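J.: Here you go, one structure.
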Amino acid sequence: MSESSSAVSRRSLLSATAAGASAALTASAAVAQGVGGLPNRAVGRPQPKLEESPPWPEDRKVGFAVVGLGKFAMGQIIPAFGESKAAKLVAVVSGSPEKAQRVAAQHGIGPDGIYDYSNFDRIAQNPKVEVVYVILPNSLHPEFTTRAFQAGKHVLCEKPMANTPEECQRMIDAGRRAGKKLMIAYREQYEPHNLEVMRRIRAGELGDLRVISTDNGRHADPKDPADQWRLQKSLAGGGALPDVGIYGLNAQRYLSGEEPVEVRGWIDSPEGDPRFREVEDVTCWQLRFPSGLIANGSTSYSYQDASRFEILGTKARVTMDPAAEYDGHRVMVKDQKGQQQLAIQEVNQMAREIDHMAKAVRNNTEVKTPGEEGMQDVRLIHAIYESARTGQAVKINWTYKRRIDAAQADKDEQPKPPG
């Protein structure tokens, strides 16, 4: 959280505390005097409604297996289970036996919860595992998603869903055959700052949307093992666009609540930079939506770190910077009354995402970001590539409609009783 956000939060807390203390003193006096219909003796009062529900009972939490113990899994996802209310880590899958055993020991997972990529299919005999979270290089998503479905498990898969639309469709079909859920890990669709901006857009507070601009990029480091596979087209499917550009592409859709009808794209890669022998660097695109809204996006593996969304409406402008990081989100709103920074509590978006999947499994409800949502982005990525290659706009000749609007708040439900 930024310093200004913290200051706002502290002021709000002090104000609320002072008000609460004053109200408590007034109520206390009233009780003692027996006025206003209040009793002058100690009585039971209704339990106040908590902003956050308590964690589920341990025996009702949904068991997850994490496939792939790379930087993102180790630094973000596995720690998120410590903040999860409805899920628990019960198994790990890794090509490194030492790493798998170390992580398992740290999280109380026994030998029966440790797998490698060759014996992964044995997970079918582990009833503790209900969901498999696939966190592998993009080209491996289809294989391990399909194998997880064949093992009778639900799947949470990292974005991008796959390298081609055809692979996405096969993953969706495999889930349907298995009768299991497939959710794509679009963490920002579960993040409070993004959800609040979506709420304001749907409520009409920005007026008619005219332009959305997104910029998402970073320096790719070929010395970093986490980036080495991202610079190989066979594993990553492309460069910055499917990796970090997809945050902006997906946001243009979930913020607007629309789907594009036309796509344009441009690509540039600097000569002589070994990072771009196989994958592209700078990609810019433009989407045209049915309402007349235009979305502009950029992404890169060579420009200074950026994670910025800007939404221009007829009544207000919203700037989100950073917009799609793991934490530290900031939202500025400017309208005719002036400019303000929204004070929104930062939460662990990965934990909320994992909990959403867990609740969908336990309560048999739909997920907000299913396979079809992931396939839409992969199709659009390919349309951007096609436009960049041909120099022509690509008309969208397929239809996609989101079943659950991304702006819909998660229901913090308790698990249904067994049976």
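Chain labels A, B, ... are given in the sequence in which chains occur in the structure tokens; within each chain residues are numbered consecutively from 1, and ligands are likewise numbered from 1 in the order shown.
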Give the alpha helix (DSSP H) residues of region 298-352 of chain A, as DSSP finds them on the backbone, and put them as a ChimeraX atom specification.
T.: /A:349-352
J.: Deliver the residues from the most recent selection as a file, using N, CA, C and O atoms, as a tab-separated table (two decimals), in the first residue's frame.
T.:
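Saved the output as selection_20.tsv:
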```tsv
chain	number	residue	atom	x	y	z
A	349	GLN	N	-4.46	-11.36	-3.24
A	349	GLN	CA	-5.33	-11.71	-4.36
A	349	GLN	C	-5.20	-13.17	-4.75
A	349	GLN	O	-6.17	-13.79	-5.22
A	350	MET	N	-4.01	-13.76	-4.57
A	350	MET	CA	-3.84	-15.18	-4.89
A	350	MET	C	-4.69	-16.04	-3.95
A	350	MET	O	-5.30	-17.03	-4.37
A	351	ALA	N	-4.75	-15.66	-2.66
A	351	ALA	CA	-5.57	-16.41	-1.71
A	351	ALA	C	-7.04	-16.30	-2.08
A	351	ALA	O	-7.79	-17.29	-2.00
A	352	ARG	N	-7.49	-15.11	-2.50
A	352	ARG	CA	-8.89	-14.94	-2.88
A	352	ARG	C	-9.22	-15.77	-4.13
A	352	ARG	O	-10.30	-16.35	-4.25
```
J.: Residues near His141 (chain A), anyone? I mean within 8 Å using only C-alpha atoms, not counting same-chain ones fewer than 3 positions away, as an MDAnalysis selection string.
T.: chainID A and resid 134:138 144:145 157:158 161:162
J.: Give me, as a PyMOL selection string, all polymer residues having an atom no more than 8 Å from region 66-76 of chain A, counting only C-alpha atoms and skipping those fewer than 5 positions away in the same chain.
T.: chain A and resi 89+91-95+99-100+132-136+226+350
J.: Smallest atom-to-atom distance to Ala393 (chain A): which of A:Glu271, A:Asp227, A:Glu262, A:Glu143, using only C-alpha atoms?
T.: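 Distance minimum relative to Ala393 (chain A) lands on A:Glu262.
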J.: Expressed in Å to a single decimal, how great is the separation between CA of Leu206 (chain A) and CA of Val367 (chain A)?
T.: 27.4 Å
J.: Of the candidates A:Val279, A:Ile396, A:Ile344, A:Leu182, which one gets nearest to Glu259 (chain A) if we count only C-alpha atoms?
T.: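 Using only C-alpha atoms, the shortest distance to Glu259 (chain A) belongs to A:Ile396.
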J.: Near Pro160 (chain A), within 12 Å and counting only C-alpha atoms, which residues show up once chain neighbours fewer than 5 positions away are dropped, as a ChimeraX atom specification?
T.: /A:134-142,165,167-168,183-187,230,235-247,249-250,371-381
J.: Emit the selected residues as a short mmCIF file (atom, residue, chain, number, x, y, z; two decimals), in the first residue's frame, including N, CA and C atoms.
T.:
```
data_model
loop_
_atom_site.label_atom_id
_atom_site.label_comp_id
_atom_site.auth_asym_id
_atom_site.auth_seq_id
_atom_site.Cartn_x
_atom_site.Cartn_y
_atom_site.Cartn_z
N VAL A 134 -2.00 -25.94 -12.02
CA VAL A 134 -0.92 -26.11 -13.00
C VAL A 134 -0.15 -24.79 -13.14
N ILE A 135 1.12 -24.81 -12.71
CA ILE A 135 1.98 -23.62 -12.79
C ILE A 135 3.26 -24.03 -13.50
N LEU A 136 3.16 -24.25 -14.80
CA LEU A 136 4.26 -24.74 -15.62
C LEU A 136 4.44 -23.83 -16.83
N PRO A 137 5.53 -23.99 -17.60
CA PRO A 137 5.62 -23.25 -18.87
C PRO A 137 4.37 -23.46 -19.72
N ASN A 138 3.99 -22.45 -20.46
CA ASN A 138 2.70 -22.42 -21.16
C ASN A 138 2.44 -23.66 -22.01
N SER A 139 3.47 -24.15 -22.70
CA SER A 139 3.27 -25.28 -23.61
C SER A 139 2.90 -26.56 -22.88
N LEU A 140 3.15 -26.61 -21.57
CA LEU A 140 2.83 -27.82 -20.79
C LEU A 140 1.44 -27.77 -20.15
N HIS A 141 0.77 -26.63 -20.22
CA HIS A 141 -0.56 -26.51 -19.63
C HIS A 141 -1.54 -27.55 -20.18
N PRO A 142 -1.63 -27.73 -21.51
CA PRO A 142 -2.62 -28.70 -22.01
C PRO A 142 -2.37 -30.12 -21.50
N PRO A 165 -5.42 -21.55 -29.71
CA PRO A 165 -6.84 -21.74 -29.42
C PRO A 165 -7.25 -23.21 -29.48
N GLU A 167 -5.48 -25.83 -28.63
CA GLU A 167 -5.12 -26.47 -27.36
C GLU A 167 -6.10 -26.08 -26.26
N CYS A 168 -6.52 -24.81 -26.26
CA CYS A 168 -7.51 -24.36 -25.27
C CYS A 168 -8.79 -25.17 -25.38
N MET A 183 -10.67 -23.66 -14.28
CA MET A 183 -10.60 -22.23 -14.00
C MET A 183 -9.22 -21.71 -14.40
N ILE A 184 -9.18 -20.55 -15.04
CA ILE A 184 -7.93 -19.92 -15.42
C ILE A 184 -7.58 -18.85 -14.39
N ALA A 185 -6.30 -18.80 -14.02
CA ALA A 185 -5.87 -17.97 -12.89
C ALA A 185 -5.68 -16.50 -13.27
N TYR A 186 -6.76 -15.83 -13.53
CA TYR A 186 -6.74 -14.38 -13.77
C TYR A 186 -6.88 -13.68 -12.42
N ARG A 187 -5.78 -13.56 -11.70
CA ARG A 187 -5.82 -13.09 -10.32
C ARG A 187 -6.40 -11.69 -10.17
N ARG A 230 10.67 -18.39 -20.94
CA ARG A 230 9.80 -17.39 -21.54
C ARG A 230 10.37 -16.80 -22.82
N LEU A 235 8.13 -23.06 -25.81
CA LEU A 235 7.59 -23.18 -24.46
C LEU A 235 6.60 -22.07 -24.12
N ALA A 236 6.91 -20.84 -24.55
CA ALA A 236 6.10 -19.68 -24.15
C ALA A 236 5.02 -19.32 -25.15
N GLY A 237 5.18 -19.72 -26.41
CA GLY A 237 4.19 -19.39 -27.43
C GLY A 237 4.35 -18.00 -28.02
N GLY A 238 5.09 -17.14 -27.34
CA GLY A 238 5.30 -15.77 -27.79
C GLY A 238 6.11 -15.04 -26.74
N GLY A 239 6.25 -13.74 -26.91
CA GLY A 239 7.07 -12.96 -26.00
C GLY A 239 6.28 -12.29 -24.90
N ALA A 240 6.41 -10.97 -24.81
CA ALA A 240 5.80 -10.23 -23.71
C ALA A 240 4.28 -10.29 -23.74
N LEU A 241 3.68 -10.40 -24.92
CA LEU A 241 2.21 -10.35 -25.01
C LEU A 241 1.52 -11.45 -24.22
N PRO A 242 1.81 -12.73 -24.43
CA PRO A 242 1.12 -13.75 -23.62
C PRO A 242 1.56 -13.79 -22.17
N ASP A 243 2.71 -13.19 -21.84
CA ASP A 243 3.21 -13.24 -20.47
C ASP A 243 2.64 -12.10 -19.63
N VAL A 244 3.01 -10.85 -19.94
CA VAL A 244 2.56 -9.71 -19.15
C VAL A 244 1.54 -8.84 -19.90
N GLY A 245 1.59 -8.85 -21.22
CA GLY A 245 0.61 -8.07 -21.99
C GLY A 245 -0.81 -8.56 -21.80
N ILE A 246 -0.94 -9.85 -21.49
CA ILE A 246 -2.26 -10.43 -21.32
C ILE A 246 -3.02 -9.78 -20.16
N TYR A 247 -2.30 -9.21 -19.18
CA TYR A 247 -2.99 -8.52 -18.09
C TYR A 247 -3.79 -7.34 -18.64
N LEU A 249 -4.71 -6.89 -21.86
CA LEU A 249 -5.70 -7.39 -22.82
C LEU A 249 -6.94 -7.88 -22.08
N ASN A 250 -6.73 -8.66 -21.04
CA ASN A 250 -7.85 -9.18 -20.26
C ASN A 250 -8.58 -8.05 -19.55
N GLY A 371 -12.46 -21.86 -18.60
CA GLY A 371 -11.62 -22.07 -19.76
C GLY A 371 -11.98 -21.20 -20.94
N GLU A 372 -13.26 -20.94 -21.13
CA GLU A 372 -13.68 -20.10 -22.25
C GLU A 372 -13.11 -18.69 -22.15
N GLU A 373 -12.96 -18.18 -20.91
CA GLU A 373 -12.36 -16.87 -20.71
C GLU A 373 -10.89 -16.88 -21.13
N GLY A 374 -10.20 -17.96 -20.79
CA GLY A 374 -8.81 -18.08 -21.20
C GLY A 374 -8.65 -18.22 -22.70
N MET A 375 -9.53 -18.99 -23.33
CA MET A 375 -9.45 -19.18 -24.77
C MET A 375 -9.71 -17.87 -25.53
N GLN A 376 -10.57 -17.02 -25.00
CA GLN A 376 -10.84 -15.75 -25.66
C GLN A 376 -9.57 -14.91 -25.77
N ASP A 377 -8.78 -14.87 -24.71
CA ASP A 377 -7.54 -14.10 -24.77
C ASP A 377 -6.54 -14.71 -25.74
N VAL A 378 -6.43 -16.03 -25.74
CA VAL A 378 -5.49 -16.68 -26.66
C VAL A 378 -5.91 -16.42 -28.11
N ARG A 379 -7.21 -16.45 -28.38
CA ARG A 379 -7.69 -16.11 -29.73
C ARG A 379 -7.33 -14.67 -30.10
N LEU A 380 -7.50 -13.76 -29.15
CA LEU A 380 -7.20 -12.35 -29.42
C LEU A 380 -5.70 -12.14 -29.60
N ILE A 381 -4.88 -12.84 -28.83
CA ILE A 381 -3.43 -12.76 -29.01
C ILE A 381 -3.05 -13.18 -30.43
#
```
J.: Which residue, A:Ala105, A:Leu255, A:Ala124, A:Met357, has the smallest gap to Arg202 (chain A) when you use only C-alpha atoms?
T.: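 The closest residue to Arg202 (chain A) is A:Leu255.
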